[in-house]
$ cat work_12.txt   # compact mmCIF, C-alpha atoms and all ligand atoms
# COMPACT_ATOMS: atom_id res chain seq x y z
CA MET A 17 1.34 48.98 26.97
CA SER A 18 1.28 47.21 23.64
CA TYR A 19 -0.28 43.90 22.90
CA THR A 20 0.53 41.48 20.14
CA LEU A 21 -2.66 40.00 18.85
CA THR A 22 -2.46 36.26 18.56
CA ARG A 23 -5.02 33.55 17.89
CA PRO A 24 -6.04 31.44 20.90
CA ARG A 25 -3.34 28.92 21.66
CA SER A 26 -5.51 25.95 20.78
CA GLU A 27 -5.92 27.21 17.20
CA GLN A 28 -2.27 27.88 16.59
CA ARG A 29 -0.02 25.50 14.82
CA PRO A 30 2.63 25.09 17.53
CA ASP A 31 6.04 26.41 16.50
CA THR A 32 7.52 23.21 17.82
CA GLY A 33 5.16 21.22 15.55
CA PHE A 34 6.16 18.32 13.44
CA VAL A 35 6.58 20.26 10.19
CA PRO A 36 8.65 23.47 10.35
CA ALA A 37 6.88 26.69 9.33
CA GLU A 38 9.35 27.32 6.50
CA THR A 39 8.55 23.93 5.01
CA LEU A 40 4.84 24.73 5.08
CA ALA A 41 5.49 27.99 3.24
CA GLN A 42 7.64 26.20 0.65
CA LEU A 43 5.10 23.41 0.26
CA THR A 44 2.23 25.86 -0.15
CA GLU A 45 4.12 27.58 -2.94
CA LEU A 46 5.07 24.32 -4.64
CA LEU A 47 1.47 23.09 -4.49
CA GLU A 48 0.16 26.40 -5.83
CA ARG A 49 2.41 26.34 -8.86
CA ARG A 50 1.98 22.64 -9.62
CA ARG A 51 1.58 22.13 -13.38
CA THR A 52 -1.05 19.51 -14.07
CA GLY A 53 0.00 16.99 -16.68
CA TYR A 54 3.62 17.24 -15.56
CA SER A 55 5.72 15.42 -13.01
CA MET A 56 6.25 17.13 -9.68
CA GLU A 57 9.14 19.39 -8.75
CA GLY A 58 12.28 17.94 -7.19
CA PRO A 59 11.76 18.93 -3.53
CA PHE A 60 8.67 16.70 -3.36
CA TYR A 61 11.06 13.77 -3.60
CA THR A 62 14.15 15.07 -1.85
CA ASP A 63 13.20 17.50 0.91
CA PRO A 64 13.22 16.09 4.48
CA GLY A 65 10.68 18.72 5.58
CA ILE A 66 8.23 17.73 2.84
CA PHE A 67 8.73 14.10 3.84
CA LYS A 68 7.61 15.08 7.35
CA ALA A 69 4.62 16.87 5.87
CA ASP A 70 3.77 13.72 3.86
CA MET A 71 3.93 11.65 7.02
CA GLU A 72 1.63 14.06 8.79
CA GLY A 73 -0.76 14.83 5.94
CA ILE A 74 -0.91 11.46 4.17
CA PHE A 75 0.29 8.63 6.43
CA GLY A 76 -0.98 10.32 9.60
CA LYS A 77 -4.43 11.00 8.14
CA HIS A 78 -5.46 8.49 5.51
CA TRP A 79 -6.19 4.76 5.41
CA ILE A 80 -2.97 2.85 4.81
CA PHE A 81 -2.36 -0.82 4.08
CA THR A 82 -0.34 -2.63 6.73
CA ALA A 83 -0.47 -6.43 6.29
CA SER A 84 -2.90 -9.22 5.50
CA ILE A 85 -4.36 -11.52 8.14
CA ALA A 86 -2.38 -14.38 6.57
CA GLU A 87 0.73 -12.76 8.11
CA ILE A 88 -0.82 -12.92 11.59
CA PRO A 89 -2.97 -16.07 11.48
CA GLU A 90 -3.08 -16.92 15.20
CA PRO A 91 -4.14 -14.88 18.25
CA GLY A 92 -1.07 -13.04 19.56
CA ASP A 93 0.68 -13.00 16.17
CA TYR A 94 1.99 -9.56 15.27
CA VAL A 95 4.02 -7.59 12.80
CA THR A 96 5.65 -4.27 13.62
CA LEU A 97 5.84 -1.58 10.95
CA ASP A 98 7.55 1.79 10.87
CA PHE A 99 6.02 4.34 8.51
CA GLY A 100 8.56 7.16 8.72
CA PRO A 101 8.34 8.28 12.35
CA TYR A 102 5.26 6.17 13.16
CA ALA A 103 5.90 2.82 14.83
CA LEU A 104 2.96 0.42 14.73
CA ILE A 105 2.06 -3.01 16.06
CA VAL A 106 -0.47 -4.96 13.99
CA LEU A 107 -1.73 -7.63 16.36
CA ARG A 108 -4.18 -10.50 15.90
CA THR A 109 -6.54 -10.63 18.85
CA ASP A 110 -8.06 -13.57 20.71
CA ASP A 111 -11.42 -13.02 19.02
CA GLY A 112 -9.86 -13.12 15.53
CA GLY A 113 -9.88 -9.35 15.06
CA VAL A 114 -6.88 -7.08 14.59
CA ASN A 115 -5.68 -4.22 16.77
CA VAL A 116 -3.22 -1.61 15.55
CA LEU A 117 -1.32 0.01 18.41
CA HIS A 118 1.39 2.62 18.51
CA ASN A 119 4.56 0.77 19.48
CA ILE A 120 5.55 3.48 21.95
CA CYS A 121 5.62 2.68 25.65
CA ARG A 122 3.53 5.08 27.71
CA HIS A 123 6.21 5.16 30.40
CA ARG A 124 9.20 6.76 28.70
CA GLY A 125 8.56 5.99 25.09
CA ALA A 126 10.62 2.89 24.44
CA ARG A 127 9.62 0.55 21.62
CA VAL A 128 7.49 -2.13 23.28
CA LEU A 129 7.97 -4.84 20.66
CA THR A 130 11.38 -4.78 19.05
CA GLU A 131 11.12 -7.68 16.57
CA SER A 132 9.65 -7.24 13.09
CA ARG A 133 7.22 -10.11 13.70
CA GLY A 134 6.42 -12.78 16.24
CA SER A 135 3.83 -14.01 18.67
CA THR A 136 3.12 -12.47 22.03
CA GLY A 137 0.80 -12.77 25.01
CA ASN A 138 0.74 -9.59 27.02
CA MET A 139 3.26 -7.11 25.66
CA VAL A 140 6.09 -6.33 28.07
CA CYS A 141 8.27 -3.29 27.48
CA GLY A 142 11.92 -4.29 27.66
CA TYR A 143 12.96 -1.19 29.59
CA HIS A 144 11.03 -1.20 32.90
CA SER A 145 8.57 -4.01 32.18
CA TRP A 146 5.36 -2.04 31.86
CA THR A 147 2.95 -4.67 30.57
CA TYR A 148 0.08 -4.16 28.13
CA ALA A 149 -2.88 -6.32 27.10
CA GLU A 150 -3.85 -6.95 23.47
CA ASP A 151 -6.09 -3.88 23.42
CA GLY A 152 -3.25 -1.70 24.75
CA THR A 153 -4.51 -1.51 28.33
CA LEU A 154 -1.68 -1.08 30.84
CA ILE A 155 -2.12 -4.06 33.14
CA HIS A 156 1.10 -3.99 35.14
CA ALA A 157 3.73 -1.42 36.20
CA SER A 158 5.98 -1.95 39.20
CA THR A 159 5.52 0.65 41.91
CA ALA A 160 7.36 1.43 45.11
CA PRO A 161 5.45 0.87 48.37
CA GLY A 162 2.78 3.57 48.61
CA GLU A 163 3.44 4.85 45.08
CA LYS A 164 0.30 5.34 42.99
CA LEU A 165 -0.16 5.16 39.21
CA ASP A 166 -3.48 5.51 37.46
CA LYS A 167 -2.99 2.73 34.93
CA GLU A 168 -6.11 3.72 33.01
CA CYS A 169 -4.34 6.86 31.84
CA PHE A 170 -1.44 5.00 30.23
CA ALA A 171 -2.79 2.56 27.67
CA LEU A 172 -0.90 2.14 24.40
CA LYS A 173 -2.45 4.43 21.81
CA ARG A 174 -4.70 2.66 19.34
CA ALA A 175 -5.32 3.41 15.70
CA GLN A 176 -8.47 2.76 13.67
CA VAL A 177 -8.66 -0.55 11.83
CA ARG A 178 -10.67 -1.89 8.89
CA ILE A 179 -10.24 -5.41 7.59
CA VAL A 180 -11.22 -5.69 3.94
CA ALA A 181 -11.39 -9.29 2.69
CA GLY A 182 -8.43 -10.09 4.94
CA LEU A 183 -6.39 -6.96 4.15
CA VAL A 184 -5.68 -4.89 7.26
CA PHE A 185 -5.89 -1.12 6.87
CA THR A 186 -5.26 1.42 9.56
CA CYS A 187 -5.84 5.13 10.00
CA LEU A 188 -3.79 7.03 12.54
CA ALA A 189 -6.12 10.04 12.60
CA GLU A 190 -8.69 10.38 15.35
CA GLU A 191 -11.31 11.17 12.74
CA PRO A 192 -10.57 8.99 9.71
CA PRO A 193 -11.67 10.09 6.26
CA GLU A 194 -15.20 8.86 5.82
CA ASP A 195 -15.43 7.46 2.34
CA PHE A 196 -13.25 4.40 2.93
CA ASP A 197 -16.36 2.83 4.45
CA GLU A 198 -18.15 3.45 1.15
CA VAL A 199 -15.28 1.99 -0.85
CA ILE A 200 -15.12 -1.26 1.14
CA PRO A 201 -18.42 -2.68 -0.20
CA LEU A 202 -17.29 -1.81 -3.74
CA ILE A 203 -14.02 -3.76 -3.58
CA GLU A 204 -14.78 -6.55 -1.13
CA PRO A 205 -16.94 -8.62 -3.55
CA TYR A 206 -14.01 -8.80 -6.02
CA LEU A 207 -11.56 -10.04 -3.39
CA ALA A 208 -13.65 -12.18 -1.04
CA PRO A 209 -13.89 -15.29 -3.29
CA HIS A 210 -10.08 -15.62 -3.04
CA ASP A 211 -10.51 -15.91 0.75
CA ILE A 212 -7.31 -14.69 2.40
CA SER A 213 -8.42 -16.31 5.68
CA GLN A 214 -7.63 -19.67 4.07
CA THR A 215 -4.20 -18.73 2.78
CA LYS A 216 -0.70 -18.75 4.20
CA VAL A 217 2.41 -16.74 3.48
CA ALA A 218 4.60 -18.61 1.01
CA TYR A 219 7.22 -15.90 0.87
CA GLN A 220 7.82 -12.28 1.78
CA GLN A 221 10.37 -10.04 0.08
CA ASN A 222 11.50 -6.79 1.69
CA ILE A 223 13.52 -4.51 -0.52
CA ILE A 224 14.70 -1.04 0.31
CA GLU A 225 14.47 1.22 -2.70
CA GLU A 226 16.67 4.31 -2.72
CA GLY A 227 13.73 6.47 -3.69
CA ASN A 228 10.98 8.60 -2.22
CA TRP A 229 7.73 6.71 -1.54
CA LYS A 230 5.90 8.78 -4.18
CA LEU A 231 8.33 7.64 -6.90
CA VAL A 232 7.63 4.03 -5.87
CA MET A 233 3.91 4.64 -6.25
CA GLU A 234 4.25 6.56 -9.50
CA ASN A 235 6.31 3.76 -11.00
CA ASN A 236 3.65 1.22 -10.02
CA ARG A 237 0.92 3.29 -11.64
CA GLU A 238 2.08 2.93 -15.22
CA CYS A 239 3.13 0.26 -17.64
CA TYR A 240 4.69 2.66 -20.15
CA HIS A 241 7.96 1.19 -18.84
CA CYS A 242 6.80 -2.44 -19.03
CA ASP A 243 9.23 -3.33 -21.82
CA GLY A 244 11.61 -3.29 -18.86
CA HIS A 245 9.77 -6.28 -17.34
CA PRO A 246 10.44 -9.19 -19.74
CA GLU A 247 9.42 -11.88 -17.23
CA LEU A 248 6.15 -10.15 -16.34
CA ALA A 249 5.40 -9.46 -20.01
CA CYS A 250 5.03 -13.22 -20.67
CA SER A 251 1.69 -13.24 -18.86
CA LEU A 252 0.71 -9.58 -18.42
CA PHE A 253 -0.95 -8.15 -21.52
CA PRO A 254 0.35 -4.69 -22.41
CA THR A 255 -1.80 -2.25 -20.47
CA TRP A 256 -0.85 0.84 -22.39
CA GLY A 257 -1.38 2.23 -25.86
CA LEU A 258 -3.96 -0.38 -26.77
CA SER A 259 -7.28 1.05 -25.75
CA ASP A 260 -7.56 3.93 -28.18
CA GLY A 261 -7.78 1.87 -31.34
CA LEU A 262 -4.29 2.92 -32.41
CA ILE A 263 -2.48 -0.37 -32.15
CA PRO A 264 1.19 -0.24 -33.07
CA PRO A 265 1.86 -2.90 -35.77
CA HIS A 266 4.18 -4.95 -33.54
CA LEU A 267 1.40 -5.28 -30.95
CA GLU A 268 -1.46 -6.26 -33.29
CA GLU A 269 -1.10 -9.96 -32.58
CA VAL A 270 -0.97 -9.62 -28.81
CA TRP A 271 -3.88 -7.18 -28.95
CA ALA A 272 -6.00 -9.75 -30.79
CA ARG A 273 -5.15 -12.36 -28.14
CA ASN A 274 -6.00 -9.88 -25.43
CA VAL A 275 -9.42 -9.12 -26.93
CA GLU A 276 -10.25 -12.81 -27.24
CA ALA A 277 -8.99 -13.63 -23.74
CA LYS A 278 -10.99 -10.74 -22.30
CA ILE A 279 -14.24 -11.99 -23.87
CA GLN A 280 -13.65 -15.50 -22.53
CA LEU A 281 -12.69 -14.24 -19.08
CA GLU A 282 -15.82 -12.13 -18.82
CA GLU A 283 -18.01 -15.08 -19.83
CA ARG A 284 -16.30 -17.23 -17.21
CA CYS A 285 -16.66 -14.58 -14.52
CA ASP A 286 -20.35 -14.14 -15.32
CA ARG A 287 -20.80 -17.92 -15.07
CA TYR A 288 -19.14 -18.05 -11.64
CA GLY A 289 -20.67 -14.80 -10.38
CA LEU A 290 -17.30 -13.04 -10.15
CA HIS A 291 -17.05 -9.28 -10.56
CA HIS A 292 -14.88 -8.09 -13.44
CA GLU A 293 -16.00 -4.55 -14.33
CA VAL A 294 -13.40 -1.82 -13.94
CA ILE A 295 -14.17 0.65 -11.17
CA GLU A 296 -11.74 3.53 -11.22
CA GLN A 297 -11.94 6.45 -8.80
CA LEU A 298 -8.28 7.12 -8.25
CA ASP A 299 -8.38 10.85 -7.62
CA THR A 300 -12.04 11.67 -7.21
CA ARG A 301 -12.35 9.85 -3.89
CA ILE A 302 -10.48 10.50 -0.67
CA ALA A 303 -9.99 6.73 -0.55
CA GLY A 304 -8.84 6.60 -4.19
CA PHE A 305 -8.83 3.17 -5.82
CA ARG A 306 -9.01 1.17 -9.03
CA ILE A 307 -10.19 -2.41 -9.20
CA SER A 308 -10.61 -4.73 -12.18
CA ARG A 309 -10.29 -8.31 -13.27
CA GLU A 310 -8.15 -8.64 -16.34
CA SER A 311 -7.10 -11.53 -18.52
CA LEU A 312 -3.58 -12.94 -18.60
CA ASP A 313 -1.71 -14.16 -21.68
CA GLY A 314 -0.95 -17.79 -22.49
CA ALA A 315 -2.92 -20.21 -20.35
CA GLY A 316 -4.47 -17.21 -18.58
CA GLU A 317 -4.00 -18.68 -15.12
CA SER A 318 -1.04 -17.08 -13.40
CA PHE A 319 2.14 -14.98 -13.56
CA SER A 320 4.35 -17.63 -15.19
CA ALA A 321 6.24 -17.79 -18.47
CA THR A 322 3.41 -19.84 -20.01
CA GLY A 323 0.55 -18.29 -18.05
CA ARG A 324 0.06 -21.69 -16.37
CA ARG A 325 -0.78 -22.05 -12.68
CA LEU A 326 2.02 -21.69 -10.13
CA SER A 327 0.19 -23.49 -7.33
CA LYS A 328 -1.98 -26.56 -7.82
CA LYS A 329 -4.46 -25.50 -5.13
CA LEU A 330 -7.25 -23.11 -6.00
CA LEU A 331 -7.95 -20.37 -3.50
CA GLY A 332 -11.15 -20.01 -1.49
CA SER A 333 -14.36 -20.80 -3.30
CA LEU A 334 -12.87 -20.53 -6.80
CA ARG A 335 -13.60 -23.35 -9.23
CA ASP A 336 -11.45 -22.48 -12.21
CA PHE A 337 -7.80 -21.56 -12.68
CA ARG A 338 -8.43 -19.36 -15.73
CA LEU A 339 -9.48 -16.23 -13.87
CA GLY A 340 -6.74 -13.80 -14.89
CA ARG A 341 -5.76 -11.25 -12.31
CA CYS A 342 -8.03 -9.24 -10.07
CA SER A 343 -5.90 -6.15 -9.51
CA LEU A 344 -6.45 -3.44 -6.95
CA HIS A 345 -4.62 -0.12 -6.81
CA LEU A 346 -5.21 1.92 -3.67
CA GLN A 347 -4.00 5.36 -2.70
CA PRO A 348 -1.66 6.07 -1.01
CA ASN A 349 0.55 3.03 -0.54
CA SER A 350 -0.61 -0.32 -1.89
CA TRP A 351 -1.44 -2.56 -4.82
CA PHE A 352 -2.54 -6.18 -5.08
CA HIS A 353 -2.97 -8.99 -7.57
CA PHE A 354 -5.51 -11.68 -6.67
CA LEU A 355 -5.20 -14.77 -8.89
CA SER A 356 -6.91 -18.14 -8.74
CA ASP A 357 -3.84 -19.90 -7.33
CA HIS A 358 -2.09 -17.16 -5.34
CA ILE A 359 -2.27 -13.57 -4.17
CA VAL A 360 0.49 -10.98 -4.17
CA THR A 361 0.23 -7.97 -1.85
CA PHE A 362 2.51 -4.94 -2.13
CA ALA A 363 3.02 -2.22 0.47
CA ALA A 364 5.15 0.90 0.06
CA ILE A 365 6.43 1.76 3.53
CA PRO A 366 8.27 5.09 3.63
CA ILE A 367 11.51 5.16 5.61
CA ASN A 368 12.71 8.71 4.91
CA GLU A 369 12.63 11.15 2.00
CA HIS A 370 14.94 9.04 -0.13
CA GLN A 371 14.27 5.45 0.97
CA THR A 372 11.19 3.23 0.84
CA LEU A 373 10.67 -0.32 2.00
CA VAL A 374 8.69 -2.25 -0.60
CA ARG A 375 7.18 -5.34 0.98
CA THR A 376 5.84 -8.02 -1.34
CA THR A 377 4.02 -11.02 0.10
CA TRP A 378 2.98 -14.14 -1.82
CA LEU A 379 0.00 -16.03 -0.38
CA VAL A 380 -1.07 -19.54 -1.39
CA ALA A 381 -3.87 -21.83 -0.18
CA ASP A 382 -3.13 -22.86 3.40
CA ASP A 383 -3.20 -26.56 2.44
CA ALA A 384 -0.77 -26.12 -0.47
CA VAL A 385 2.47 -27.94 0.23
CA GLU A 386 5.76 -26.41 -0.88
CA GLY A 387 7.63 -28.70 -3.27
CA VAL A 388 4.43 -30.66 -3.96
CA ASP A 389 1.76 -28.12 -4.92
CA TYR A 390 4.08 -25.23 -5.68
CA ASP A 391 7.74 -24.52 -6.23
CA LEU A 392 8.75 -21.43 -4.26
CA ASP A 393 11.28 -20.17 -6.82
CA GLU A 394 8.78 -20.52 -9.65
CA LEU A 395 6.00 -18.91 -7.62
CA THR A 396 8.05 -15.84 -6.78
CA HIS A 397 10.22 -15.55 -9.90
CA VAL A 398 8.26 -13.02 -11.96
CA TRP A 399 7.55 -10.48 -9.24
CA LYS A 400 10.99 -10.81 -7.65
CA GLN A 401 12.50 -9.91 -11.02
CA THR A 402 9.90 -7.23 -11.68
CA ASN A 403 10.48 -5.66 -8.27
CA LEU A 404 14.22 -5.48 -8.84
CA GLN A 405 13.64 -3.88 -12.23
CA ASP A 406 11.19 -1.42 -10.65
CA LYS A 407 13.70 -0.65 -7.89
CA ALA A 408 16.24 0.34 -10.55
CA PHE A 409 13.68 2.58 -12.32
CA VAL A 410 12.73 4.31 -9.08
CA GLU A 411 16.37 4.85 -8.14
CA MET A 412 17.13 6.37 -11.55
CA CYS A 413 14.34 8.91 -10.99
CA GLN A 414 15.41 9.71 -7.43
CA LEU A 415 18.86 10.61 -8.72
CA GLY A 416 17.28 12.82 -11.38
CA ALA A 417 14.96 14.59 -8.94
CA ALA A 418 17.95 15.58 -6.81
CA SER A 419 19.72 17.34 -9.69
CA PRO A 420 19.46 21.12 -10.17
CA ALA A 421 18.99 20.34 -13.87
CA TYR A 422 15.82 18.32 -13.24
CA GLU A 423 12.68 19.85 -14.77
CA GLN A 424 9.16 18.50 -14.73
CA GLY A 425 8.39 16.32 -17.75
CA PRO A 426 5.01 15.56 -19.35
CA TYR A 427 2.90 12.55 -18.43
CA MET A 428 1.92 10.53 -21.48
CA ASP A 429 -1.65 9.24 -22.00
CA SER A 430 -0.62 5.83 -20.72
CA GLU A 431 0.55 7.47 -17.49
CA TYR A 432 -2.89 8.75 -16.52
CA GLN A 433 -2.79 6.73 -13.30
CA VAL A 434 0.46 8.45 -12.32
CA GLU A 435 -1.24 11.77 -12.88
CA ALA A 436 -4.21 10.52 -10.80
CA PHE A 437 -1.87 9.56 -7.96
CA VAL A 438 -0.16 12.94 -8.06
CA ASN A 439 -3.52 14.74 -8.23
CA TRP A 440 -4.72 12.71 -5.26
CA TYR A 441 -1.56 13.51 -3.32
CA THR A 442 -1.47 17.22 -4.10
CA GLN A 443 -5.17 17.64 -3.33
CA ARG A 444 -4.81 15.84 0.02
CA MET A 445 -1.75 17.95 0.91
CA ARG A 446 -3.53 21.17 -0.05
CA GLU A 447 -6.38 20.20 2.26
CA HIS A 448 -3.94 19.25 4.99
CA ILE A 449 -2.09 22.54 5.08
CA ALA A 450 -5.15 24.74 4.43
O1 LIG B 1 1.54 -4.07 -10.56
C1 LIG B 1 0.96 -3.27 -11.26
O2 LIG B 1 -0.21 -3.08 -11.00
C2 LIG B 1 1.57 -2.55 -12.43
C3 LIG B 1 1.11 -3.21 -13.68
C4 LIG B 1 2.29 -3.88 -14.20
C5 LIG B 1 3.41 -3.13 -13.79
N1 LIG B 1 3.03 -2.47 -12.56
C6 LIG B 1 3.91 -2.78 -11.55
FE1 LIG B 2 8.66 1.16 28.81
FE2 LIG B 2 9.89 2.23 30.87
S1 LIG B 2 9.92 2.86 28.81
S2 LIG B 2 8.61 0.50 30.82

$ encode --input "work_12.txt" --output "structure tokens" --more "lines below"
Ligand code: 3BY
Ligand code: FES
Amino acid sequence: MSYTLTRPRSEQRPDTGFVPAETLAQLTELLERRRTGYSMEGPFYTDPGIFKADMEGIFGKHWIFTASIAEIPEPGDYVTLDFGPYALIVLRTDDGGVNVLHNICRHRGARVLTESRGSTGNMVCGYHSWTYAEDGTLIHASTAPGEKLDKECFALKRAQVRIVAGLVFTCLAEEPPEDFDEVIPLIEPYLAPHDISQTKVAYQQNIIEEGNWKLVMENNRECYHCDGHPELACSLFPTWGLSDGLIPPHLEEVWARNVEAKIQLEERCDRYGLHHEVIEQLDTRIAGFRISRESLDGAGESFSATGRRLSKKLLGSLRDFRLGRCSLHLQPNSWFHFLSDHIVTFAAIPINEHQTLVRTTWLVADDAVEGVDYDLDELTHVWKQTNLQDKAFVEMCQLGAASPAYEQGPYMDSEYQVEAFVNWYTQRMREHIA
């Protein structure tokens, strides 16, 4: 009799698993031969199997940004979000907290909530009316006379939640990466004075970019392309090519303004007790991030053509409009700009290997009145334009990545944050498939 030696079943990666074995072999090889300093190979952006691996190894394991509490201000308010194959409900609870639940009925798997947002009491599945409480507990399921169902076994699955200064993060893993809890106290003091709990959504833009989620993130992580953002460039100082003392002649004037504005901003921040130092740990931490407060051009107040405020109401406990932008970049899927008069949150929500939903949300003080304190078109103009320009850049790269002629190109110095994102991603994926 011959035996085939196998590992115990519990230690095996099931053949029917989420990511096919051939994809894992391909991914292992691609990760092994990754050239640092260069963009990634095409399949990272085009292969459906690698997309599944990303969902499992990144979105299924790490802390991801979902929404802010301004989107779900009242108990029972919810948004639903699909990250690739994951369907989530982000629900405000009666005690003011937030639960994140898998939007998958425990009866036969139907979506429980089918709208993208709304307000709900108990959640009733539309198929056979199984009914769940805000914490996911199954509280009602019709049964035939004498039929028994142990309702305790069929609660909606819950994910981990952290609320950071009003930003709701979730982790779908049973054991979330630990260092996010160390990052929270580093970033919260920068954001808290803008007080998201006292803001409301002025506008939300959802655009589907025909590009892999990693191209969306890479594009966000550099301003080498910022000549392509004329509206943004009115208030955003160039963030590339200026820090090494080699100032191109055509940028000398703007550089001088930037230096002066930075000195004034730092004095102001010190006076008001606001944090402004750059903390940058984009690829060294599992919860990679960069936070800073940086000056804006012109009046230095907001993202407008003149740098002047776009809403007349200051946020939270702030006492001055000239506070530049407090900007946060987080791996793997979000970035934020906190200003004195409004906040813009950005989430990259993967759909499949070649499409990403980019959700941009503008928040203003909850007592700001549209048409009186702010004009919606003016408030949203710069980032709406910038997002459309970014969409075009991402789509150009997606087309390139799909071509057999595509070869990895070098990252320039000003693209170090792109490199950091890619390093973070490749390291996390190596750990995932190890
Ligand atoms: O939003 C950001 O953080 C970067 C800087 C400007 C362009 N880019 C989209
Ligand atoms: Fe939800 Fe049947 S699938 S009640």

$ atom_distance --input "work_12.txt" --atom1 "CA of His353 in chain A" --atom2 "atom O1 of ligand LIG 1 (chain B)"
7.3 Å

$ residues_near_ligand --input "work_12.txt" --ligand "ligand LIG 2 (chain B)" --cutoff "8 Å" --atoms "all atoms listed in the file" --output "short mmCIF file (atom, residue, chain, number, x, y, z; two decimals) with C-alpha atoms, keeping the file's coordinate frame"
data_model
loop_
_atom_site.label_atom_id
_atom_site.label_comp_id
_atom_site.auth_asym_id
_atom_site.auth_seq_id
_atom_site.Cartn_x
_atom_site.Cartn_y
_atom_site.Cartn_z
CA ILE A 120 5.55 3.48 21.95
CA CYS A 121 5.62 2.68 25.65
CA ARG A 122 3.53 5.08 27.71
CA HIS A 123 6.21 5.16 30.40
CA ARG A 124 9.20 6.76 28.70
CA GLY A 125 8.56 5.99 25.09
CA ALA A 126 10.62 2.89 24.44
CA ARG A 127 9.62 0.55 21.62
CA VAL A 128 7.49 -2.13 23.28
CA VAL A 140 6.09 -6.33 28.07
CA CYS A 141 8.27 -3.29 27.48
CA GLY A 142 11.92 -4.29 27.66
CA TYR A 143 12.96 -1.19 29.59
CA HIS A 144 11.03 -1.20 32.90
CA SER A 145 8.57 -4.01 32.18
CA TRP A 146 5.36 -2.04 31.86
CA THR A 147 2.95 -4.67 30.57
CA ALA A 157 3.73 -1.42 36.20
#

$ residues_near_ligand --input "work_12.txt" --ligand "ligand LIG 1 (chain B)" --cutoff "8 Å" --atoms "all atoms listed in the file" --output "number ranges by chain"
A: 235-239, 242, 245, 248, 252, 255, 343-345, 351-353, 402-403, 406

$ closest_residue --input "work_12.txt" --among "A:Met233, A:Ile224, A:Ala436, A:Cys169" --to "Ser350 in chain A" --atoms "all atoms listed in the file"
A:Met233

$ residues_around --input "work_12.txt" --residues "Cys250 in chain A" --least-positions-apart "5" --cutoff "7 Å" --atoms "all atoms listed in the file" --output "list in words"
Asp313, Ala321 and Thr322 of chain A

$ write_last_selection --input "work_12.txt" --atoms "C-alpha atoms" --output "PDB file, in the coordinates of the input"
ATOM      1  CA  ASP A 313      -1.710 -14.160 -21.680  1.00  0.00           C
ATOM      2  CA  ALA A 321       6.240 -17.790 -18.470  1.00  0.00           C
ATOM      3  CA  THR A 322       3.410 -19.840 -20.010  1.00  0.00           C
TER       4      THR A 322
END

$ residues_around --input "work_12.txt" --residues "range 190-197 of chain A" --least-positions-apart "3" --cutoff "8 Å" --atoms "all atoms listed in the file" --output "list in words"
Lys77, His78, Trp79, Ala175, Gln176, Cys187, Ile200, Pro201, Arg301, Ile302 and Ala303 of chain A

$ residues_around --input "work_12.txt" --residues "Ala86 in chain A" --least-positions-apart "6" --cutoff "10 Å" --atoms "only C-alpha atoms" --output "list of chain:residue names"
A:Gly182, A:Leu183, A:Ile212, A:Ser213, A:Gln214, A:Thr215, A:Lys216, A:Val217, A:Ala218, A:Thr377, A:Trp378, A:Leu379, A:Val380, A:Asp382

$ atom_distance --input "work_12.txt" --atom1 "CA of Gly65 in chain A" --atom2 "CA of Glu45 in chain A"
13.9 Å

$ residues_around --input "work_12.txt" --residues "range 419-422 of chain A" --least-positions-apart "4" --cutoff "12 Å" --atoms "all atoms listed in the file" --output "VMD selection string"
chain A and resid 55 to 59 61 to 62 412 to 415

$ atom_distance --input "work_12.txt" --atom1 "CA of Ile179 in chain A" --atom2 "CA of Phe319 in chain A"
26.3 Å

$ residues_around --input "work_12.txt" --residues "Phe354 in chain A" --least-positions-apart "2" --cutoff "7 Å" --atoms "only C-alpha atoms" --output "count of residues only"
8

$ closest_residue --input "work_12.txt" --among "A:Thr130, A:Leu43, A:Asp151, A:Ile449" --to "Gly92 in chain A" --atoms "only C-alpha atoms"
A:Asp151

$ closest_residue --input "work_12.txt" --among "A:Ser84, A:Gln42, A:Asn349, A:Ser333" --to "Tyr288 in chain A" --atoms "only C-alpha atoms"
A:Ser333

$ residues_near_point --input "work_12.txt" --point "(-0.8, 14.2, -19.0)" --cutoff "12 Å" --atoms "only C-alpha atoms" --output "VMD selection string"
chain A and resid 51 to 55 424 to 436 438 to 439

$ closest_residue --input "work_12.txt" --among "A:Glu310, A:Phe185, A:Glu72, A:Ile295" --to "Val275 in chain A" --atoms "all atoms listed in the file"
A:Glu310

$ closest_residue --input "work_12.txt" --among "A:Leu355, A:Leu330, A:Leu97, A:Val232" --to "Ala83 in chain A" --atoms "only C-alpha atoms"
A:Leu97
